[in-house]
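Here is my_file-v2.cif, consisting of mmCIF, C-alpha atoms:
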data_final
#
loop_
_atom_site.group_PDB
_atom_site.id
_atom_site.type_symbol
_atom_site.label_atom_id
_atom_site.label_comp_id
_atom_site.auth_asym_id
_atom_site.auth_seq_id
_atom_site.Cartn_x
_atom_site.Cartn_y
_atom_site.Cartn_z
ATOM 1 C CA GLN P 91 88.060 114.944 104.338
ATOM 2 C CA SER P 92 86.923 113.830 100.895
ATOM 3 C CA SER P 93 86.504 116.897 98.727
ATOM 4 C CA ASN P 94 84.748 117.314 95.405
ATOM 5 C CA SER P 95 87.997 116.853 93.506
ATOM 6 C CA THR P 96 88.728 113.486 95.192
ATOM 7 C CA THR P 97 85.247 112.086 94.549
ATOM 8 C CA ASN P 98 86.051 111.939 90.818
ATOM 9 C CA LEU P 99 89.051 109.658 91.493
ATOM 10 C CA PRO P 100 88.929 105.858 91.482
ATOM 11 C CA SER P 101 89.884 104.085 94.697
ATOM 12 C CA ILE P 102 93.629 103.853 95.283
ATOM 13 C CA ASP P 103 93.642 100.058 94.905
ATOM 14 C CA THR P 104 91.589 100.236 91.697
ATOM 15 C CA PHE P 105 93.926 102.835 90.202
ATOM 16 C CA PHE P 106 97.064 100.788 90.902
ATOM 17 C CA SER P 107 95.605 97.381 90.087
ATOM 18 C CA SER P 108 94.860 98.408 86.506
ATOM 19 C CA THR P 109 96.715 96.535 83.810
ATOM 20 C CA PRO P 110 100.141 97.929 82.880
ATOM 21 C CA SER P 111 98.727 99.085 79.561
ATOM 22 C CA SER P 112 96.175 101.315 81.279
ATOM 23 C CA LYS P 113 95.612 104.798 79.974
ATOM 24 C CA TYR P 114 97.382 106.425 82.949
ATOM 25 C CA THR P 115 101.129 106.645 83.384
ATOM 26 C CA ILE P 116 102.189 105.985 86.971
ATOM 27 C CA SER P 117 105.458 107.719 87.836
ATOM 28 C CA ASN P 118 108.105 105.945 89.912
ATOM 29 C CA PRO P 119 107.654 108.264 92.919
ATOM 30 C CA LEU P 120 103.895 107.701 92.846
ATOM 31 C CA GLN P 121 104.438 103.930 92.661
ATOM 32 C CA GLN P 122 106.844 104.189 95.621
ATOM 33 C CA LEU P 123 104.233 106.099 97.621
ATOM 34 C CA TYR P 124 101.701 103.379 96.841
ATOM 35 C CA ASN P 125 104.187 100.679 97.908
ATOM 36 C CA GLN P 126 104.710 102.526 101.212
ATOM 37 C CA TYR P 127 100.938 102.834 101.587
ATOM 38 C CA GLN P 128 100.485 99.093 101.058
ATOM 39 C CA THR P 129 103.291 98.208 103.474
ATOM 40 C CA LYS P 130 101.881 100.440 106.194
ATOM 41 C CA SER P 131 98.343 99.144 105.547
ATOM 42 C CA TYR P 132 99.518 95.545 105.964
ATOM 43 C CA LYS P 133 101.404 96.504 109.130
ATOM 44 C CA HIS P 134 98.301 98.287 110.454
ATOM 45 C CA ASP P 135 96.141 95.225 109.748
ATOM 46 C CA ALA P 136 98.642 92.872 111.406
ATOM 47 C CA ILE P 137 98.862 94.999 114.558
ATOM 48 C CA ALA P 138 95.062 95.360 114.685
ATOM 49 C CA THR P 139 94.687 91.570 114.366
ATOM 50 C CA GLU P 140 97.202 91.004 117.157
ATOM 51 C CA SER P 141 95.363 93.444 119.423
ATOM 52 C CA LYS P 142 92.038 91.807 118.614
ATOM 53 C CA ARG P 143 93.387 88.368 119.540
ATOM 54 C CA ILE P 144 94.749 89.633 122.846
ATOM 55 C CA SER P 145 91.456 91.384 123.599
ATOM 56 C CA GLN P 146 89.471 88.226 122.795
ATOM 57 C CA LYS P 147 91.300 86.423 125.598
ATOM 58 C CA GLU P 148 90.086 89.053 128.033
ATOM 59 C CA ASP P 149 86.553 88.834 126.632
ATOM 60 C CA MET P 150 86.558 85.076 127.323
ATOM 61 C CA GLY P 151 87.304 85.736 130.986
ATOM 62 C CA VAL P 152 91.053 85.082 130.900
ATOM 63 C CA GLU P 153 92.961 87.698 132.862
ATOM 64 C CA LEU P 154 95.645 89.357 130.766
ATOM 65 C CA THR P 155 99.227 89.423 131.960
ATOM 66 C CA GLU P 156 100.988 92.716 132.447
ATOM 67 C CA GLY P 157 103.009 92.030 129.291
ATOM 68 C CA GLN P 158 99.813 91.538 127.274
ATOM 69 C CA ARG P 159 98.326 94.777 128.645
ATOM 70 C CA ASN P 160 101.553 96.619 127.787
ATOM 71 C CA GLN P 161 101.456 95.116 124.281
ATOM 72 C CA LEU P 162 97.872 96.367 123.812
ATOM 73 C CA THR P 163 98.968 99.876 124.800
ATOM 74 C CA LYS P 164 101.973 99.761 122.466
ATOM 75 C CA ASN P 165 99.793 98.439 119.673
ATOM 76 C CA GLN P 166 97.275 101.248 120.145
ATOM 77 C CA ASP P 167 100.072 103.836 119.930
ATOM 78 C CA LYS P 168 101.434 102.163 116.784
ATOM 79 C CA LEU P 169 97.947 102.034 115.232
ATOM 80 C CA THR P 170 97.414 105.743 115.884
ATOM 81 C CA ALA P 171 100.783 106.633 114.323
ATOM 82 C CA LEU P 172 100.120 104.366 111.334
ATOM 83 C CA GLU P 173 96.654 105.851 110.779
ATOM 84 C CA THR P 174 98.130 109.351 110.730
ATOM 85 C CA SER P 175 100.866 108.264 108.330
ATOM 86 C CA LEU P 176 98.372 106.417 106.102
ATOM 87 C CA GLY P 177 96.196 109.533 105.946
ATOM 88 C CA GLY P 178 99.146 111.629 104.759
ATOM 89 C CA LEU P 179 100.172 109.004 102.202
ATOM 90 C CA LYS P 180 96.585 108.740 100.973
ATOM 91 C CA ASP P 181 96.475 112.503 100.398
ATOM 92 C CA LYS P 182 99.768 112.433 98.475
ATOM 93 C CA ILE P 183 98.688 109.427 96.408
ATOM 94 C CA GLU P 184 95.342 111.037 95.569
ATOM 95 C CA GLU P 185 97.186 114.162 94.443
ATOM 96 C CA GLY P 186 99.457 112.029 92.255
ATOM 97 C CA MET P 187 96.465 110.144 90.858
ATOM 98 C CA HIS P 188 94.797 113.452 90.030
ATOM 99 C CA VAL P 189 97.914 114.599 88.172
ATOM 100 C CA ALA P 190 98.094 111.270 86.290
ATOM 101 C CA ILE P 191 94.420 111.424 85.318
ATOM 102 C CA TYR P 192 93.798 115.146 84.804
ATOM 103 C CA GLY P 193 97.327 116.482 84.268
ATOM 104 C CA LYS P 194 97.137 118.966 87.147
ATOM 105 C CA PRO P 195 97.394 118.823 90.952
ATOM 106 C CA LEU P 196 94.401 118.778 93.266
ATOM 107 C CA ASN P 197 93.071 122.073 94.571
ATOM 108 C CA ARG P 198 92.285 121.164 98.149
ATOM 109 C CA GLN P 199 90.500 123.778 100.205
ATOM 110 C CA SER P 200 91.676 122.496 103.554
ATOM 111 C CA GLN P 201 94.801 120.447 103.826
ATOM 112 C CA ARG P 202 95.422 119.365 107.369
ATOM 113 C CA SER P 203 99.154 118.819 106.998
ATOM 114 C CA LYS P 204 100.043 121.792 104.831
ATOM 115 C CA GLY P 205 100.660 125.363 105.802
ATOM 116 C CA GLY P 206 99.332 128.356 103.927
ATOM 117 C CA ASP P 207 102.284 128.269 101.546
ATOM 118 C CA GLY P 208 101.471 124.699 100.394
ATOM 119 C CA TYR P 209 104.573 123.055 101.857
ATOM 120 C CA ASP P 210 104.310 119.788 103.722
ATOM 121 C CA ARG P 211 104.255 120.253 107.503
ATOM 122 C CA ASP P 212 103.705 116.703 108.729
ATOM 123 C CA GLY P 213 107.423 115.958 109.117
ATOM 124 C CA ASP P 214 107.322 112.854 106.915
ATOM 125 C CA ASP P 215 110.737 113.612 105.408
ATOM 126 C CA ASP P 216 111.514 109.944 104.810
ATOM 127 C CA ASP P 217 108.781 109.636 102.168
ATOM 128 C CA VAL P 218 109.955 109.743 98.576
ATOM 129 C CA ASP P 219 107.943 112.697 97.379
ATOM 130 C CA ASP P 220 109.997 114.612 94.835
ATOM 131 C CA PHE P 221 106.943 114.120 92.610
ATOM 132 C CA PHE P 222 105.093 116.505 94.907
ATOM 133 C CA ASP P 223 108.004 118.784 95.654
ATOM 134 C CA ARG P 224 106.862 122.319 94.934
ATOM 135 C CA THR P 225 110.355 123.303 93.836
ATOM 136 C CA THR P 226 110.502 120.913 90.870
ATOM 137 C CA THR P 227 109.758 122.402 87.531
ATOM 138 C CA THR P 228 106.805 121.337 85.428
ATOM 139 C CA ARG P 229 109.252 119.925 82.907
ATOM 140 C CA GLN P 230 110.843 117.709 85.542
ATOM 141 C CA ARG P 231 107.394 116.478 86.645
ATOM 142 C CA ASP P 232 106.443 115.829 83.022
ATOM 143 C CA ASN P 233 109.614 113.780 82.592
ATOM 144 C CA ASP P 234 108.681 111.745 85.671
ATOM 145 C CA GLN P 235 105.262 111.126 84.149
ATOM 146 C CA GLY P 236 106.843 109.578 81.059
ATOM 147 C CA GLU P 237 108.630 106.830 82.999
ATOM 148 C CA GLU P 238 107.018 103.439 82.742
ATOM 149 C CA VAL P 239 106.694 101.325 85.872
ATOM 150 C CA GLU P 240 107.652 97.682 85.548
ATOM 151 C CA SER P 241 104.960 95.170 86.420
ATOM 152 C CA GLU P 242 105.600 91.692 87.717
ATOM 153 C CA ALA P 243 104.592 90.226 84.351
ATOM 154 C CA SER P 244 106.948 92.494 82.378
ATOM 155 C CA LEU P 245 109.839 91.707 84.739
ATOM 156 C CA ILE P 246 109.185 87.966 84.407
ATOM 157 C CA GLU P 247 109.140 88.327 80.618
ATOM 158 C CA LYS P 248 112.467 90.212 80.685
ATOM 159 C CA TRP P 249 113.912 87.527 82.959
ATOM 160 C CA LYS P 250 112.842 84.783 80.513
ATOM 161 C CA VAL P 251 114.420 86.648 77.588
ATOM 162 C CA LEU P 252 117.671 87.103 79.537
ATOM 163 C CA LEU P 253 117.661 83.449 80.549
ATOM 164 C CA GLN P 254 117.179 82.388 76.935
ATOM 165 C CA SER P 255 119.907 84.769 75.772
ATOM 166 C CA HIS P 256 122.247 83.447 78.469
ATOM 167 C CA SER P 257 121.607 79.876 77.333
ATOM 168 C CA LYS P 258 122.443 80.779 73.714
ATOM 169 C CA GLN P 259 125.607 82.564 74.827
ATOM 170 C CA GLN P 260 126.678 79.539 76.868
ATOM 171 C CA THR P 261 126.310 77.367 73.740
ATOM 172 C CA VAL P 262 128.461 79.792 71.715
ATOM 173 C CA VAL P 263 131.086 79.882 74.477
ATOM 174 C CA ALA P 264 131.198 76.057 74.608
ATOM 175 C CA SER P 265 131.566 75.843 70.813
ATOM 176 C CA THR P 266 134.298 78.492 70.767
ATOM 177 C CA THR P 267 136.141 76.732 73.581
ATOM 178 C CA LYS P 268 136.095 73.463 71.610
ATOM 179 C CA GLN P 269 137.479 75.255 68.540
ATOM 180 C CA CYS P 270 140.214 76.856 70.642
ATOM 181 C CA ASP P 271 141.106 73.446 72.101
ATOM 182 C CA LYS P 272 141.360 71.942 68.577
ATOM 183 C CA LEU P 273 143.560 74.822 67.435
ATOM 184 C CA GLN P 274 145.752 74.420 70.503
ATOM 185 C CA VAL P 275 146.173 70.719 69.698
ATOM 186 C CA GLN P 276 147.189 71.633 66.113
ATOM 187 C CA ILE P 277 149.657 74.239 67.378
ATOM 188 C CA ASP P 278 151.122 71.766 69.872
ATOM 189 C CA SER P 279 151.513 69.075 67.170
ATOM 190 C CA ALA P 280 153.133 71.603 64.775
ATOM 191 C CA VAL P 281 155.620 72.599 67.473
ATOM 192 C CA ASP P 282 156.402 68.933 68.174
ATOM 193 C CA GLU P 283 157.118 68.287 64.462
ATOM 194 C CA GLU P 284 159.727 71.075 64.316
#

Once more with this new file: its structure as structure tokens, please.
Amino acid sequence: QSSNSTTNLPSIDTFFSSTPSSKYTISNPLQQLYNQYQTKSYKHDAIATESKRISQKEDMGVELTEGQRNQLTKNQDKLTALETSLGGLKDKIEEGMHVAIYGKPLNRQSQRSKGGDGYDRDGDDDDVDDFFDRTTTTRQRDNDQGEEVESEASLIEKWKVLLQSHSKQQTVVASTTKQCDKLQVQIDSAVDEE
């Protein structure tokens, strides 16, 4: 399925593991697609590991229970569905990577999940893909490209700044409260003298 236009792209993991100051801007929808891709990849790996462990019991001569055989069948169905979904996500991510790197969408000769009009036919409506929506204007896509994705390091830095700011504000509030208490004591003593 790899075409000439995808061979010029870095691997998906390499593209997204670049430092936040990399030369490519990753839009929020593209980052969300990658997060979905990672989640489904981890799920796929976990199910495959579970199936492998069950199968190893059988290979060692232990007869599987009916529940274990049913679980293997369910796992195989889940793996097939996940592989299909991962393939669709990979295509969308590669298209987004191509736009981020080259500024234009991929020109795929044969797209298994798209009809002749270029619209998505795989029924994956739950994916956040307004980035790839053919009805968005170029200006809207360009605006998406300008958004900066927060990294873990940048979020931690913002958290530290907010924590420091909060601490300073707490000190000011405590000082102001003390001043208010002193003023209240003066007001109370002035009222008592009258």

- prompt: Any idea what's packed within 7 Å of region 181-193 of chain P, counting all atoms listed in the file, ignoring anything in its chain fewer than 5 positions away? Could you give it as a PyMOL selection string?
  reply: chain P and resi 114-116+120+123-124

query: Within 10 Å of Thr163 (chain P), counting only C-alpha atoms, which residues qualify if same-chain residues fewer than 6 places away don't, as a list in words?
result: Ser141, Gly157 and Leu169 of chain P

query: Near Ser145 (chain P), counting only C-alpha atoms, which residues have an atom at most 9 Å away, once you skip same-chain residues fewer than 5 positions from it, shown as an NGL selection string?
result: :P and (140 or 150 or 154 or 162)

- request: Kindly give the distance, in Å, that separates CA of Ser265 (chain P) and CA of Val281 (chain P), rounded to a single decimal.
  value: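 Rounded to one decimal, the two atoms are 24.5 Å apart.
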
task: Have a look at CA of Phe106 (chain P) and CA of Ser244 (chain P) and let me know their distance in Å, one decimal.
output: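 Between CA of Phe106 (chain P) and CA of Ser244 (chain P) the gap works out to 15.5 Å.
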
- prompt: Quick one: which residues end up in the PyMOL selection byres ((chain P and resi 172) around 12) for this structure, as a PyMOL selection string?
  reply: chain P and resi 126-138+165-171+173-180+214

Point-to-point distance from CA of Ser107 (chain P) to CA of Leu196 (chain P), Å rounded to tenths: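 CA of Leu196 (chain P) lies at a distance of 21.7 Å from CA of Ser107 (chain P).
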
Could you write region 142-153 of chain P as a PDB file, keeping the file's coordinate frame, with all heavy atoms rebuilt where they are missing?
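Output file selection07.pdb is given in full below:
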ATOM      1  N   LYS P 142      93.350  92.453 118.533  1.00  0.00           N
ATOM      2  CA  LYS P 142      92.038  91.807 118.614  1.00  0.00           C
ATOM      3  C   LYS P 142      92.153  90.446 119.288  1.00  0.00           C
ATOM      4  O   LYS P 142      91.321  90.082 120.134  1.00  0.00           O
ATOM      5  CB  LYS P 142      91.456  91.659 117.207  1.00  0.00           C
ATOM      6  CG  LYS P 142      90.092  91.052 117.161  1.00  0.00           C
ATOM      7  CD  LYS P 142      89.585  90.955 115.732  1.00  0.00           C
ATOM      8  CE  LYS P 142      88.254  90.226 115.670  1.00  0.00           C
ATOM      9  NZ  LYS P 142      87.817  90.007 114.295  1.00  0.00           N
ATOM     10  N   ARG P 143      93.192  89.692 118.937  1.00  0.00           N
ATOM     11  CA  ARG P 143      93.387  88.368 119.540  1.00  0.00           C
ATOM     12  C   ARG P 143      93.666  88.464 121.041  1.00  0.00           C
ATOM     13  O   ARG P 143      93.184  87.653 121.824  1.00  0.00           O
ATOM     14  CB  ARG P 143      94.515  87.631 118.830  1.00  0.00           C
ATOM     15  CG  ARG P 143      94.134  87.170 117.456  1.00  0.00           C
ATOM     16  CD  ARG P 143      95.241  86.421 116.766  1.00  0.00           C
ATOM     17  NE  ARG P 143      94.822  86.025 115.429  1.00  0.00           N
ATOM     18  CZ  ARG P 143      95.637  85.811 114.431  1.00  0.00           C
ATOM     19  NH1 ARG P 143      96.939  85.962 114.587  1.00  0.00           N
ATOM     20  NH2 ARG P 143      95.172  85.449 113.249  1.00  0.00           N
ATOM     21  N   ILE P 144      94.465  89.443 121.414  1.00  0.00           N
ATOM     22  CA  ILE P 144      94.749  89.633 122.846  1.00  0.00           C
ATOM     23  C   ILE P 144      93.460  90.024 123.571  1.00  0.00           C
ATOM     24  O   ILE P 144      93.148  89.496 124.636  1.00  0.00           O
ATOM     25  CB  ILE P 144      95.856  90.687 123.068  1.00  0.00           C
ATOM     26  CG1 ILE P 144      97.198  90.177 122.507  1.00  0.00           C
ATOM     27  CG2 ILE P 144      96.006  91.030 124.547  1.00  0.00           C
ATOM     28  CD1 ILE P 144      98.305  91.215 122.496  1.00  0.00           C
ATOM     29  N   SER P 145      92.704  90.929 122.979  1.00  0.00           N
ATOM     30  CA  SER P 145      91.456  91.384 123.599  1.00  0.00           C
ATOM     31  C   SER P 145      90.439  90.261 123.703  1.00  0.00           C
ATOM     32  O   SER P 145      89.645  90.220 124.661  1.00  0.00           O
ATOM     33  CB  SER P 145      90.854  92.545 122.811  1.00  0.00           C
ATOM     34  OG  SER P 145      91.720  93.654 122.833  1.00  0.00           O
ATOM     35  N   GLN P 146      90.415  89.346 122.755  1.00  0.00           N
ATOM     36  CA  GLN P 146      89.471  88.226 122.795  1.00  0.00           C
ATOM     37  C   GLN P 146      89.724  87.345 124.006  1.00  0.00           C
ATOM     38  O   GLN P 146      88.781  86.798 124.592  1.00  0.00           O
ATOM     39  CB  GLN P 146      89.568  87.396 121.513  1.00  0.00           C
ATOM     40  CG  GLN P 146      88.889  88.030 120.328  1.00  0.00           C
ATOM     41  CD  GLN P 146      89.086  87.238 119.037  1.00  0.00           C
ATOM     42  OE1 GLN P 146      89.981  86.403 118.937  1.00  0.00           O
ATOM     43  NE2 GLN P 146      88.252  87.534 118.047  1.00  0.00           N
ATOM     44  N   LYS P 147      90.988  87.211 124.403  1.00  0.00           N
ATOM     45  CA  LYS P 147      91.300  86.423 125.598  1.00  0.00           C
ATOM     46  C   LYS P 147      90.612  87.031 126.813  1.00  0.00           C
ATOM     47  O   LYS P 147      90.038  86.322 127.637  1.00  0.00           O
ATOM     48  CB  LYS P 147      92.812  86.377 125.828  1.00  0.00           C
ATOM     49  CG  LYS P 147      93.563  85.535 124.852  1.00  0.00           C
ATOM     50  CD  LYS P 147      95.055  85.535 125.188  1.00  0.00           C
ATOM     51  CE  LYS P 147      95.826  84.699 124.188  1.00  0.00           C
ATOM     52  NZ  LYS P 147      97.271  84.698 124.492  1.00  0.00           N
ATOM     53  N   GLU P 148      90.697  88.361 126.908  1.00  0.00           N
ATOM     54  CA  GLU P 148      90.086  89.053 128.033  1.00  0.00           C
ATOM     55  C   GLU P 148      88.568  88.914 127.988  1.00  0.00           C
ATOM     56  O   GLU P 148      87.921  88.728 129.018  1.00  0.00           O
ATOM     57  CB  GLU P 148      90.496  90.529 128.013  1.00  0.00           C
ATOM     58  CG  GLU P 148      90.127  91.279 129.280  1.00  0.00           C
ATOM     59  CD  GLU P 148      90.696  92.688 129.284  1.00  0.00           C
ATOM     60  OE1 GLU P 148      90.695  93.327 128.213  1.00  0.00           O
ATOM     61  OE2 GLU P 148      91.121  93.129 130.351  1.00  0.00           O
ATOM     62  N   ASP P 149      87.991  88.974 126.787  1.00  0.00           N
ATOM     63  CA  ASP P 149      86.553  88.834 126.632  1.00  0.00           C
ATOM     64  C   ASP P 149      86.059  87.452 127.042  1.00  0.00           C
ATOM     65  O   ASP P 149      84.906  87.283 127.442  1.00  0.00           O
ATOM     66  CB  ASP P 149      86.133  89.118 125.177  1.00  0.00           C
ATOM     67  CG  ASP P 149      86.372  90.568 124.775  1.00  0.00           C
ATOM     68  OD1 ASP P 149      86.527  91.421 125.677  1.00  0.00           O
ATOM     69  OD2 ASP P 149      86.417  90.838 123.551  1.00  0.00           O
ATOM     70  N   MET P 150      86.932  86.437 126.944  1.00  0.00           N
ATOM     71  CA  MET P 150      86.558  85.076 127.323  1.00  0.00           C
ATOM     72  C   MET P 150      86.776  84.833 128.815  1.00  0.00           C
ATOM     73  O   MET P 150      86.607  83.714 129.291  1.00  0.00           O
ATOM     74  CB  MET P 150      87.356  84.052 126.510  1.00  0.00           C
ATOM     75  CG  MET P 150      87.035  84.092 125.030  1.00  0.00           C
ATOM     76  SD  MET P 150      87.789  82.798 124.009  1.00  0.00           S
ATOM     77  CE  MET P 150      89.449  82.676 124.603  1.00  0.00           C
ATOM     78  N   GLY P 151      87.151  85.857 129.545  1.00  0.00           N
ATOM     79  CA  GLY P 151      87.304  85.736 130.986  1.00  0.00           C
ATOM     80  C   GLY P 151      88.714  85.419 131.445  1.00  0.00           C
ATOM     81  O   GLY P 151      88.946  85.243 132.637  1.00  0.00           O
ATOM     82  N   VAL P 152      89.658  85.346 130.533  1.00  0.00           N
ATOM     83  CA  VAL P 152      91.053  85.082 130.900  1.00  0.00           C
ATOM     84  C   VAL P 152      91.701  86.416 131.256  1.00  0.00           C
ATOM     85  O   VAL P 152      91.621  87.378 130.503  1.00  0.00           O
ATOM     86  CB  VAL P 152      91.815  84.429 129.722  1.00  0.00           C
ATOM     87  CG1 VAL P 152      93.283  84.234 130.090  1.00  0.00           C
ATOM     88  CG2 VAL P 152      91.178  83.120 129.330  1.00  0.00           C
ATOM     89  N   GLU P 153      92.315  86.453 132.455  1.00  0.00           N
ATOM     90  CA  GLU P 153      92.961  87.698 132.862  1.00  0.00           C
ATOM     91  C   GLU P 153      94.266  87.874 132.095  1.00  0.00           C
ATOM     92  O   GLU P 153      95.068  86.960 131.980  1.00  0.00           O
ATOM     93  CB  GLU P 153      93.246  87.675 134.374  1.00  0.00           C
ATOM     94  CG  GLU P 153      93.713  89.007 134.889  1.00  0.00           C
ATOM     95  CD  GLU P 153      93.814  89.035 136.413  1.00  0.00           C
ATOM     96  OE1 GLU P 153      93.053  88.332 137.073  1.00  0.00           O
ATOM     97  OE2 GLU P 153      94.670  89.776 136.901  1.00  0.00           O
TER      98      GLU P 153
END
